[in-house]
Structure formats: C-alpha cells, structure tokens
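J.: Sharing entry.cif below, mmCIF, C-alpha atoms and all ligand atoms:
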```cif
data_work
loop_
_atom_site.label_atom_id
_atom_site.label_comp_id
_atom_site.auth_asym_id
_atom_site.auth_seq_id
_atom_site.Cartn_x
_atom_site.Cartn_y
_atom_site.Cartn_z
CA MET V 1 -15.10 12.67 -13.99
CA TYR V 2 -12.27 14.83 -15.31
CA VAL V 3 -9.17 13.01 -16.55
CA PHE V 4 -5.86 14.86 -16.66
CA GLN V 5 -2.54 13.85 -18.14
CA PHE V 6 -0.75 17.08 -17.46
CA ALA V 7 0.07 18.53 -14.07
CA SER V 8 -0.74 22.07 -15.24
CA ASP V 9 -4.30 21.03 -16.22
CA LEU V 10 -4.80 19.26 -12.91
CA ARG V 11 -3.58 22.35 -11.03
CA ARG V 12 -5.95 24.59 -13.01
CA PHE V 13 -8.88 22.31 -12.17
CA LEU V 14 -7.94 22.21 -8.47
CA SER V 15 -7.56 25.98 -8.28
CA ALA V 16 -11.02 26.41 -9.78
CA GLN V 17 -12.45 23.86 -7.35
CA ALA V 18 -10.86 25.60 -4.38
CA ILE V 19 -13.59 28.26 -4.61
CA SER V 20 -16.14 25.67 -3.49
CA GLN V 21 -14.04 25.15 -0.33
CA GLN V 22 -14.63 21.41 -0.52
CA PRO V 23 -11.40 19.84 0.74
CA VAL V 24 -9.59 17.31 -1.45
CA GLY V 25 -9.18 13.64 -0.55
CA PHE V 26 -6.43 12.00 -2.57
CA VAL V 27 -6.16 8.31 -3.51
CA PRO V 28 -2.86 7.46 -5.24
CA THR V 29 -2.84 4.11 -7.09
CA MET V 30 -0.94 2.20 -9.73
CA GLY V 31 -4.15 1.18 -11.50
CA ALA V 32 -5.58 -2.24 -12.44
CA LEU V 33 -8.24 -1.20 -10.00
CA HIS V 34 -10.18 -3.48 -7.67
CA ASP V 35 -12.47 -3.14 -4.67
CA GLY V 36 -9.54 -2.38 -2.36
CA HIS V 37 -8.89 0.80 -4.33
CA LEU V 38 -12.59 1.64 -4.60
CA GLN V 39 -13.02 1.39 -0.86
CA LEU V 40 -10.56 4.30 -0.56
CA VAL V 41 -12.56 6.31 -3.09
CA ARG V 42 -15.80 5.59 -1.23
CA GLN V 43 -14.29 6.54 2.09
CA ALA V 44 -13.10 9.90 0.72
CA GLN V 45 -16.57 10.56 -0.69
CA ALA V 46 -18.37 9.44 2.49
CA GLU V 47 -16.20 11.82 4.50
CA GLY V 48 -17.26 14.71 2.24
CA TYR V 49 -14.05 15.15 0.24
CA LEU V 50 -13.63 15.98 -3.41
CA CYS V 51 -12.09 12.72 -4.56
CA VAL V 52 -8.94 12.93 -6.69
CA CYS V 53 -7.28 9.67 -7.78
CA SER V 54 -4.03 9.09 -9.56
CA ILE V 55 -2.99 6.15 -11.66
CA PHE V 56 0.74 6.05 -12.14
CA VAL V 57 2.96 2.97 -12.30
CA ASN V 58 5.92 4.60 -10.62
CA PRO V 59 9.17 3.31 -12.12
CA THR V 60 11.30 4.48 -9.18
CA GLN V 61 9.70 2.09 -6.70
CA PHE V 62 10.36 -1.04 -8.77
CA ASN V 63 13.66 -2.63 -7.88
CA ASP V 64 12.99 -5.41 -10.42
CA PRO V 65 12.63 -4.25 -14.06
CA GLU V 66 10.68 -7.42 -14.95
CA ASP V 67 8.13 -6.63 -12.22
CA LEU V 68 7.70 -3.13 -13.69
CA ARG V 69 7.31 -4.53 -17.21
CA LYS V 70 4.72 -7.13 -16.16
CA TYR V 71 2.72 -4.84 -13.87
CA PRO V 72 -0.90 -4.95 -15.13
CA ARG V 73 -2.03 -1.84 -16.99
CA MET V 74 -5.65 -1.35 -18.03
CA PRO V 75 -6.31 2.40 -18.32
CA VAL V 76 -9.55 2.19 -20.30
CA SER V 77 -11.41 -0.03 -17.84
CA ASP V 78 -9.85 1.83 -14.88
CA ILE V 79 -11.28 5.14 -16.14
CA ALA V 80 -14.73 3.55 -16.50
CA ILE V 81 -14.54 2.04 -13.00
CA LEU V 82 -13.57 5.33 -11.38
CA ALA V 83 -16.17 7.33 -13.31
CA LYS V 84 -18.86 4.87 -12.20
CA ALA V 85 -17.64 5.11 -8.59
CA GLY V 86 -18.17 8.88 -8.76
CA CYS V 87 -14.51 9.88 -8.47
CA ASN V 88 -14.24 13.60 -9.29
CA ALA V 89 -10.88 13.78 -11.02
CA LEU V 90 -8.24 11.36 -12.22
CA PHE V 91 -4.59 12.20 -12.81
CA MET V 92 -2.91 9.76 -15.23
CA PRO V 93 0.41 11.35 -16.06
CA PRO V 94 3.22 10.07 -18.24
CA VAL V 95 6.56 9.57 -16.46
CA GLU V 96 8.01 12.92 -17.68
CA GLU V 97 5.11 14.79 -16.10
CA VAL V 98 5.83 13.37 -12.65
CA TYR V 99 9.61 13.57 -13.02
CA PRO V 100 10.33 16.55 -15.31
CA SER V 101 14.00 16.50 -14.30
CA GLY V 102 14.36 12.74 -14.70
CA THR V 103 13.80 9.84 -12.34
CA THR V 104 17.12 10.16 -10.51
CA PRO V 105 16.22 10.75 -6.87
CA GLY V 106 17.17 14.02 -5.24
CA LEU V 107 18.22 13.99 -1.61
CA PRO V 108 17.39 10.59 -0.15
CA PHE V 109 14.82 10.30 2.62
CA ASP V 110 16.01 8.82 5.89
CA PHE V 111 13.45 6.47 7.37
CA GLY V 112 15.92 4.52 9.52
CA ALA V 113 14.84 0.99 10.38
CA LEU V 114 11.34 1.55 8.92
CA GLU V 115 12.78 1.13 5.42
CA GLN V 116 15.38 -1.51 6.24
CA VAL V 117 13.14 -4.29 7.52
CA MET V 118 10.73 -6.64 5.72
CA GLU V 119 9.84 -5.14 2.29
CA GLY V 120 12.82 -2.80 2.59
CA ALA V 121 15.22 -5.71 3.06
CA PHE V 122 13.88 -7.62 0.04
CA ARG V 123 13.18 -4.63 -2.22
CA PRO V 124 16.14 -2.24 -1.87
CA GLY V 125 15.22 1.33 -2.78
CA HIS V 126 11.50 0.55 -2.95
CA PHE V 127 10.42 2.91 -0.19
CA GLN V 128 12.68 5.71 -1.42
CA GLY V 129 10.73 5.47 -4.68
CA VAL V 130 7.38 5.34 -2.89
CA ALA V 131 8.23 8.41 -0.80
CA GLN V 132 9.56 10.23 -3.88
CA VAL V 133 6.35 9.72 -5.86
CA VAL V 134 3.93 10.35 -3.00
CA SER V 135 5.79 13.52 -2.07
CA ARG V 136 5.64 14.75 -5.69
CA LEU V 137 1.95 13.86 -6.06
CA LEU V 138 1.07 15.56 -2.76
CA ASP V 139 2.82 18.72 -3.97
CA LEU V 140 0.64 18.69 -7.07
CA VAL V 141 -2.70 17.70 -5.56
CA GLN V 142 -2.33 19.43 -2.16
CA PRO V 143 -5.05 17.36 -0.51
CA ARG V 144 -6.34 17.69 3.04
CA ARG V 145 -6.49 13.91 3.35
CA LEU V 146 -4.45 11.09 1.85
CA TYR V 147 -6.16 7.70 1.67
CA MET V 148 -4.07 4.52 1.75
CA GLY V 149 -4.69 0.83 2.47
CA GLN V 150 -3.65 -1.27 5.46
CA LYS V 151 -2.76 -3.96 2.89
CA ASP V 152 0.54 -2.10 2.38
CA PHE V 153 1.17 -1.69 6.07
CA GLN V 154 4.87 -0.83 5.89
CA GLN V 155 4.12 1.74 3.19
CA THR V 156 1.67 3.49 5.53
CA ALA V 157 4.39 3.63 8.23
CA ILE V 158 6.86 5.14 5.73
CA ILE V 159 4.41 7.76 4.49
CA ARG V 160 3.35 8.65 8.05
CA GLU V 161 7.03 9.22 8.87
CA MET V 162 7.55 11.21 5.66
CA LEU V 163 4.62 13.51 6.50
CA ARG V 164 5.99 13.92 10.02
CA GLN V 165 9.49 14.82 8.75
CA GLN V 166 8.05 17.30 6.25
CA GLY V 167 5.84 18.90 8.91
CA SER V 168 2.93 18.27 6.56
CA SER V 169 -0.65 18.98 7.56
CA VAL V 170 -1.98 16.22 5.28
CA GLU V 171 -4.04 13.70 7.27
CA LEU V 172 -3.23 10.09 6.51
CA CYS V 173 -6.32 7.85 6.56
CA ILE V 174 -5.82 4.10 6.53
CA ALA V 175 -8.57 1.78 5.23
CA GLU V 176 -8.97 -1.88 6.12
CA THR V 177 -7.67 -4.55 3.76
CA VAL V 178 -10.36 -5.71 1.35
CA ARG V 179 -10.28 -9.46 0.70
CA GLU V 180 -11.71 -11.94 -1.76
CA THR V 181 -14.29 -14.33 -0.24
CA ASP V 182 -11.56 -16.92 0.35
CA GLY V 183 -9.47 -14.41 2.28
CA LEU V 184 -6.88 -13.49 -0.35
CA ALA V 185 -6.10 -9.79 -0.04
CA MET V 186 -7.15 -8.00 -3.23
CA SER V 187 -4.17 -6.90 -5.27
CA SER V 188 -3.57 -5.86 -8.86
CA ARG V 189 -0.93 -8.58 -8.95
CA ASN V 190 -3.55 -11.30 -8.31
CA GLN V 191 -4.49 -11.06 -11.99
CA ARG V 192 -1.13 -12.59 -12.85
CA LEU V 193 -1.68 -15.72 -10.73
CA THR V 194 -2.04 -19.02 -12.58
CA PRO V 195 -5.20 -20.98 -11.58
CA GLU V 196 -3.01 -23.31 -9.51
CA PHE V 197 -1.38 -20.49 -7.54
CA ARG V 198 -4.69 -18.63 -7.24
CA ARG V 199 -5.97 -21.72 -5.39
CA ALA V 200 -2.87 -21.82 -3.19
CA ALA V 201 -2.70 -18.07 -2.38
CA PRO V 202 -5.44 -17.96 0.34
CA ALA V 203 -2.97 -19.92 2.52
CA ILE V 204 -1.44 -16.50 3.26
CA TYR V 205 -4.58 -15.35 5.06
CA LYS V 206 -4.91 -18.78 6.69
CA ALA V 207 -1.38 -18.46 8.10
CA LEU V 208 -2.18 -14.96 9.39
CA LEU V 209 -5.39 -16.16 11.05
CA GLU V 210 -3.49 -19.05 12.66
CA THR V 211 -1.02 -16.50 13.98
CA ARG V 212 -3.81 -14.47 15.50
CA ARG V 213 -5.16 -17.66 17.13
CA LEU V 214 -1.79 -18.62 18.61
CA PHE V 215 -0.59 -15.16 19.67
CA PRO V 216 0.53 -14.41 22.40
CA GLU V 217 0.41 -17.80 24.15
CA MET V 218 2.80 -19.63 21.80
CA PRO V 219 6.41 -18.33 21.63
CA ILE V 220 6.84 -15.96 18.67
CA PRO V 221 9.55 -17.99 16.85
CA ASP V 222 7.30 -21.07 17.02
CA ILE V 223 4.30 -19.14 15.62
CA CYS V 224 6.41 -17.81 12.75
CA ARG V 225 7.76 -21.28 11.99
CA HIS V 226 4.23 -22.71 12.00
CA ALA V 227 2.92 -19.95 9.73
CA THR V 228 5.85 -20.37 7.33
CA GLN V 229 5.10 -24.08 7.18
CA ILE V 230 1.46 -23.38 6.22
CA LEU V 231 2.70 -21.24 3.33
CA SER V 232 5.26 -23.79 2.16
CA GLU V 233 2.83 -26.70 2.38
CA ALA V 234 0.42 -24.77 0.14
CA GLY V 235 3.17 -24.54 -2.50
CA LEU V 236 4.07 -20.88 -1.84
CA ARG V 237 7.64 -19.63 -1.28
CA PRO V 238 7.65 -17.44 1.84
CA GLU V 239 10.22 -14.64 1.90
CA TYR V 240 9.53 -13.58 5.46
CA PHE V 241 6.89 -14.02 8.12
CA GLU V 242 7.33 -11.66 11.03
CA ILE V 243 5.47 -10.49 14.09
CA VAL V 244 6.47 -6.88 14.62
CA ASN V 245 5.93 -3.88 16.82
CA GLY V 246 3.42 -1.87 14.76
CA ARG V 247 5.20 1.41 15.52
CA THR V 248 8.87 0.50 14.99
CA LEU V 249 8.29 -2.45 12.59
CA LEU V 250 11.03 -4.28 14.47
CA PRO V 251 10.52 -7.94 15.34
CA LEU V 252 8.73 -8.31 18.64
CA ASP V 253 10.83 -10.01 21.28
CA ASN V 254 8.46 -9.76 24.21
CA PRO V 255 4.77 -10.16 23.30
CA LEU V 256 3.71 -8.25 26.41
CA ARG V 257 5.79 -5.17 25.65
CA ALA V 258 4.07 -3.64 22.59
CA ASP V 259 0.56 -2.22 22.49
CA TYR V 260 0.42 -2.49 18.70
CA VAL V 261 1.38 -5.79 17.10
CA VAL V 262 1.15 -6.79 13.44
CA ALA V 263 1.95 -10.04 11.65
CA CYS V 264 3.45 -9.34 8.21
CA THR V 265 4.41 -11.63 5.38
CA ALA V 266 5.57 -11.79 1.78
CA ALA V 267 5.43 -14.95 -0.29
CA TRP V 268 5.90 -15.93 -3.90
CA ALA V 269 3.02 -17.66 -5.65
CA GLY V 270 4.87 -18.85 -8.74
CA ASP V 271 6.43 -15.69 -10.17
CA VAL V 272 4.00 -13.35 -8.40
CA ARG V 273 5.07 -11.79 -5.12
CA LEU V 274 2.22 -11.23 -2.67
CA ILE V 275 2.22 -9.36 0.64
CA ASP V 276 -0.31 -9.31 3.46
CA ASN V 277 -0.59 -8.52 7.15
CA LEU V 278 -2.96 -8.82 10.08
CA VAL V 279 -3.19 -6.71 13.22
CA LEU V 280 -2.78 -8.97 16.26
CA ARG V 281 -3.13 -6.22 18.84
CA SER V 282 -4.64 -2.85 17.97
CA PRO V 283 -2.96 0.35 19.09
CA SER V 284 -4.47 1.62 22.32
CA GLN V 285 -4.40 5.20 21.01
CA GLU V 286 -4.98 5.72 17.26
CA GLY V 287 -3.84 9.32 17.48
CA ALA V 288 -0.48 8.30 18.90
CA LEU V 289 0.61 6.45 15.75
P1 LIG V 301 -1.56 0.15 -5.49
O1 LIG V 301 -2.34 0.45 -6.72
O2 LIG V 301 -1.31 -1.31 -5.27
O3 LIG V 301 -0.32 1.00 -5.34
O4 LIG V 301 -2.50 0.57 -4.27
C1 LIG V 301 -3.02 1.87 -4.16
C2 LIG V 301 -3.61 2.03 -2.78
O5 LIG V 301 -4.65 1.06 -2.59
C3 LIG V 301 -2.57 1.79 -1.67
O6 LIG V 301 -2.79 2.72 -0.62
C4 LIG V 301 -2.89 0.38 -1.22
O7 LIG V 301 -2.53 0.12 0.11
C5 LIG V 301 -4.40 0.34 -1.41
N1 LIG V 301 -4.84 -1.05 -1.55
C6 LIG V 301 -4.38 -1.95 -2.45
N2 LIG V 301 -4.99 -3.15 -2.25
C7 LIG V 301 -5.82 -2.99 -1.19
C8 LIG V 301 -6.72 -3.86 -0.49
N3 LIG V 301 -6.88 -5.13 -0.83
N4 LIG V 301 -7.43 -3.36 0.54
C9 LIG V 301 -7.26 -2.06 0.90
N5 LIG V 301 -6.45 -1.18 0.29
C10 LIG V 301 -5.73 -1.65 -0.73
#
```
The structure given in the file should be rewritten as structure tokens.
Ligand code: AMP

T.:
Amino acid sequence: MYVFQFASDLRRFLSAQAISQQPVGFVPTMGALHDGHLQLVRQAQAEGYLCVCSIFVNPTQFNDPEDLRKYPRMPVSDIAILAKAGCNALFMPPVEEVYPSGTTPGLPFDFGALEQVMEGAFRPGHFQGVAQVVSRLLDLVQPRRLYMGQKDFQQTAIIREMLRQQGSSVELCIAETVRETDGLAMSSRNQRLTPEFRRAAPAIYKALLETRRLFPEMPIPDICRHATQILSEAGLRPEYFEIVNGRTLLPLDNPLRADYVVACTAAWAGDVRLIDNLVLRSPSQEGAL
C-alpha cells in the first residue's frame, strides 16, 4: 500500500494509475479504524475498484474543541490495518495540505433543513465542515465511487445533496452499519467509553429495535418517549430520538405517508457522544434517493 502525505504525490500516483483504467473507489475516514471502516474498503475492492482511503481528523467539522482534542489517533496501527486489508493507497495529509488557504470556509453550502435537524441542531457548523472536507478530498482523489456508512445517516443525506448540487458524477455507495455482537454500532469513539458506559451503550440499539417492533402501530410520540426512557434507564443521556422521513429528515407526522422511514438518535455515554439509526421502512426505489 502506498501512503501519501502530500496532495501532489497522491495526484502523481493517481495519474499513473489512470493508465490501467481501473476506476477509483474512495473511502474517507478519520482513522482509529474498525470493522465498519474495513467493510467499506472490502466493498470497494469486491466491486473492482482501486481502493483509496484517507485518514484525516478534519478540524472544521468539530464544533467542540475538546472533542477534536480527544478524538482517537492511531496512525501506525491504522496503516498496518489498511495494508493488511489490501487497500491500494492511503492519503494521510496534515491540515495545511487539505486547507492550503486556511480552514476558514469559503462560500457556505446550503443544505436547507437537511443540516438544521438532528445532528445539525446539536452540532452547529458540523455539516458545513463535513461538506467542505469531502468536497476538497473528492477534488483531489477524483473517484468514480465514494463509499460511506449508514451509521452516519444524516451525513450520507448531506453528501448526496452536495453531489447533486455540484452536478457531480461520483456515485455514492452506502454500506450497512457494522455492529459489535451486543449491537453497539462500531465507532472510533467507542474506545473512549469507560467499562461502565460500554456496558450501558448497547441500550441504543435496544431502543432502536424496540422502535422497529412498535412502528407503525404505536403513535410516534409514544414510541419516541418509550425509546428515550430505555436510554435514560440504562444511564445514558439522550439528546434526541426521532423517527424521520428518510428523504427530508423531517420528523414523521403520519406514519403512512413516507415510503422511507428511519429512527435516529444521539446519546451521551458519560462524556462520549454516540449516534445510531435504524431503517424502519426501506425506500421503495433505491435509485430515487
Ligand atoms: P469516520 O472515521 O467515523 O469519519 O467514518 C468514516 C466512514 O466510515 C464514514 O462513512 C462512516 O459512516 C463509516 N462508518 C463508521 N462507522 C461505521 C459502522 N459501524 N458501520 C458502517 N460504516 C461506518
């Protein structure tokens, strides 16, 4: 596996590779890699793509400086993990390489309600930062496919909208959420859980499964109250628990009206903020997303 720190070296490598005509599948990450990330790498490989990963803890998407400071960083083991997984190239740039003119955003993106609800409401500016970095990385890597995880459901909606607004031909591929055996969604942040909160955290998946069991027969506000109670009783501090239209991300008022329904939540386990979601009703037409 080739490892690049500088954009110019990465570009040189990609230009040389272009001769082989193998299209590039790109997996952007913030490192501290786990099986959720590797699933994206494997999917790119299985679909015949030259797999390019990035590891970059993007400062512009952290609204909380403490969260940025504490974000796990383990470059040496990450490189070994990706090399073993057969990733073709890894881009691990310093901040100045991604933002040569500084981290101040240029023209803001306008994602409307998509960036105002749920994560957007609790993490102001987060999705502007996500769009800024993904846009920059896509410019550098120029992949045919971009691989992202369902775990960050709202992020996938934002990036889909960004690609649409930019008229991009990049295909967004979404992979299922990979979970620990007790149901906790894999996340780099799980490493920061104390043993006590690690034991409590699977309540998030339990609450989502309960939601799936109760939807659509029970009224939505009652389901959300019940799910929130499961989280609180486990010792977690829920920030939101919502059942939303999977296309607009707006809270669902009438359960019969949307063909794509997702339950989404964020909860604090001690000082670690965890997010998760579960599809309650799958979209009738994938292509229409
Ligand atoms: P991150 O390093 O957290 O920014 O994640 C990089 C990519 O991996 C994003 O597209 C995430 O949605 C995806 N990802 C993270 N955790 C999981 C998981 N448990 N299952 C599937 N994809 C994931």

J.: Using all atoms listed in the file, determine which residues fall within 8 Å of ligand LIG 301 (chain V), then list them as an MDAnalysis selection string.

T.: chainID V and resid 27:37 39:40 55 57 147:153 155:156 174:179 185:188

J.: At a cut-off of 8 Å, using only C-alpha atoms, what residues contact segment 248-260 of chain V? Leave out same-chain residues fewer than 3 positions from it and give the result as a PDB file with C-alpha atoms, in the frame of the given file.

T.:
```pdb
ATOM      1  CA  ALA V 113      14.840   0.990  10.380  1.00  0.00           C
ATOM      2  CA  LEU V 114      11.340   1.550   8.920  1.00  0.00           C
ATOM      3  CA  VAL V 117      13.140  -4.290   7.520  1.00  0.00           C
ATOM      4  CA  GLN V 154       4.870  -0.830   5.890  1.00  0.00           C
ATOM      5  CA  PRO V 216       0.530 -14.410  22.400  1.00  0.00           C
ATOM      6  CA  ILE V 220       6.840 -15.960  18.670  1.00  0.00           C
ATOM      7  CA  GLU V 242       7.330 -11.660  11.030  1.00  0.00           C
ATOM      8  CA  ILE V 243       5.470 -10.490  14.090  1.00  0.00           C
ATOM      9  CA  VAL V 244       6.470  -6.880  14.620  1.00  0.00           C
ATOM     10  CA  ASN V 245       5.930  -3.880  16.820  1.00  0.00           C
ATOM     11  CA  VAL V 279      -3.190  -6.710  13.220  1.00  0.00           C
ATOM     12  CA  LEU V 280      -2.780  -8.970  16.260  1.00  0.00           C
ATOM     13  CA  ARG V 281      -3.130  -6.220  18.840  1.00  0.00           C
ATOM     14  CA  SER V 282      -4.640  -2.850  17.970  1.00  0.00           C
ATOM     15  CA  PRO V 283      -2.960   0.350  19.090  1.00  0.00           C
ATOM     16  CA  SER V 284      -4.470   1.620  22.320  1.00  0.00           C
TER      17      SER V 284
END
```

J.: Just the number, please: distance in Å from atom CA of Pro93 of chain V to atom CA of Phe56 of chain V, one decimal.

T.: 6.6 Å

J.: One number please: atom CA of Asn88 of chain V to atom CA of Val52 of chain V, in Å, one decimal.

T.: 5.9 Å

J.: When you draw a straight line from atom CA of Ser168 of chain V to atom CA of Leu140 of chain V, how long is it in Å?

T.: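 Straight-line distance from atom CA of Ser168 of chain V to atom CA of Leu140 of chain V works out to 13.8 Å.
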
J.: For a quick check of understanding, using only C-alpha atoms, which of V:Leu278, V:Val76, V:Met92, V:Ala269 has the smallest distance to Leu10 of chain V?

T.: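 Of V:Leu278, V:Val76, V:Met92, V:Ala269, the one nearest Leu10 of chain V, counting only C-alpha atoms, is V:Met92.
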
J.: Report as a PyMOL selection string all protein, DNA and RNA residues lying within 10 Å of Thr265 of chain V, evaluated on all atoms listed in the file, omitting residues in the same chain fewer than 3 positions from it.

T.: chain V and resi 118-119+204-205+207-208+224+227-228+231+238-243+262+274-278

J.: Could you pull out every residue with an atom within 12 Å of (3.8, 8.6, -2.2), file coordinates, counting all atoms listed in the file, and send them as JSON, numbers by chain?

T.: {"V": [26, 27, 28, 29, 30, 54, 55, 56, 57, 58, 60, 61, 98, 126, 127, 128, 129, 130, 131, 132, 133, 134, 135, 136, 137, 138, 139, 140, 141, 146, 147, 148, 155, 156, 157, 158, 159, 160, 161, 162, 163, 172]}

J.: Residues within 7 Å of Asn63 of chain V, please, as a PyMOL selection string. Count all atoms listed in the file; anything in the same chain fewer than 5 positions from it doesn't count.

T.: chain V and resi 123-126

J.: Hey, what's within 10 Å of Lys70 of chain V if we count only C-alpha atoms and toss same-chain stuff fewer than 5 positions away? As a PyMOL selection string, please?

T.: chain V and resi 65+189+192+272

J.: Using all atoms listed in the file, pick whichever of V:Thr104, V:Ser77, V:Gln229, V:Tyr49 has the shortest atom-to-atom distance to Ser20 of chain V.

T.: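 The answer is V:Tyr49, which sits nearest to Ser20 of chain V.
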
J.: Calculated over all atoms listed in the file, which of the candidates V:Cys51, V:Ala263, V:Pro143, V:Ser232 has the smallest distance to Ser169 of chain V?

T.: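 Counting all atoms listed in the file, the residue closest to Ser169 of chain V is V:Pro143.
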
J.: I'd like the neighbourhood of Ala80 of chain V as an NGL selection string, where a residue qualifies if any of its atoms comes within 12 Å (using all atoms listed in the file), though same-chain residues fewer than 5 positions away should be ignored.

T.: :V and (1-3 or 31-33 or 74-75 or 85-87 or 90)

J.: Rank V:Glu66, V:Arg144, V:Val170, V:Asp182 by their smallest atom-to-atom distance to Glu47 of chain V, using only C-alpha atoms, and report the top residue only.

T.: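 Checking each candidate against Glu47 of chain V, we get V:Arg144 as the closest.
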
J.: Which one is closest to Ala46 of chain V: V:Gln142, V:Cys264, V:Arg69, V:Gly25? Count all atoms listed in the file.

T.: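 Ranked by minimum distance to Ala46 of chain V, first place goes to V:Gly25.
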
J.: Hey, can I get the axis-aligned box for segment 155-163 of chain V? All listed atoms, 8 Å padding on each side, centre and edge lengths in Å to one decimal, as JSON.

T.:
```
{"center_x": 4.6, "center_y": 7.6, "center_z": 6.0, "size_x": 21.9, "size_y": 27.8, "size_z": 21.7}
```

J.: From the list V:Arg247, V:Arg11, V:Arg225, V:Lys84, which residue is nearest Arg42 of chain V when using all atoms listed in the file?

T.: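 The shortest atom-to-atom distance to Arg42 of chain V comes from V:Lys84.
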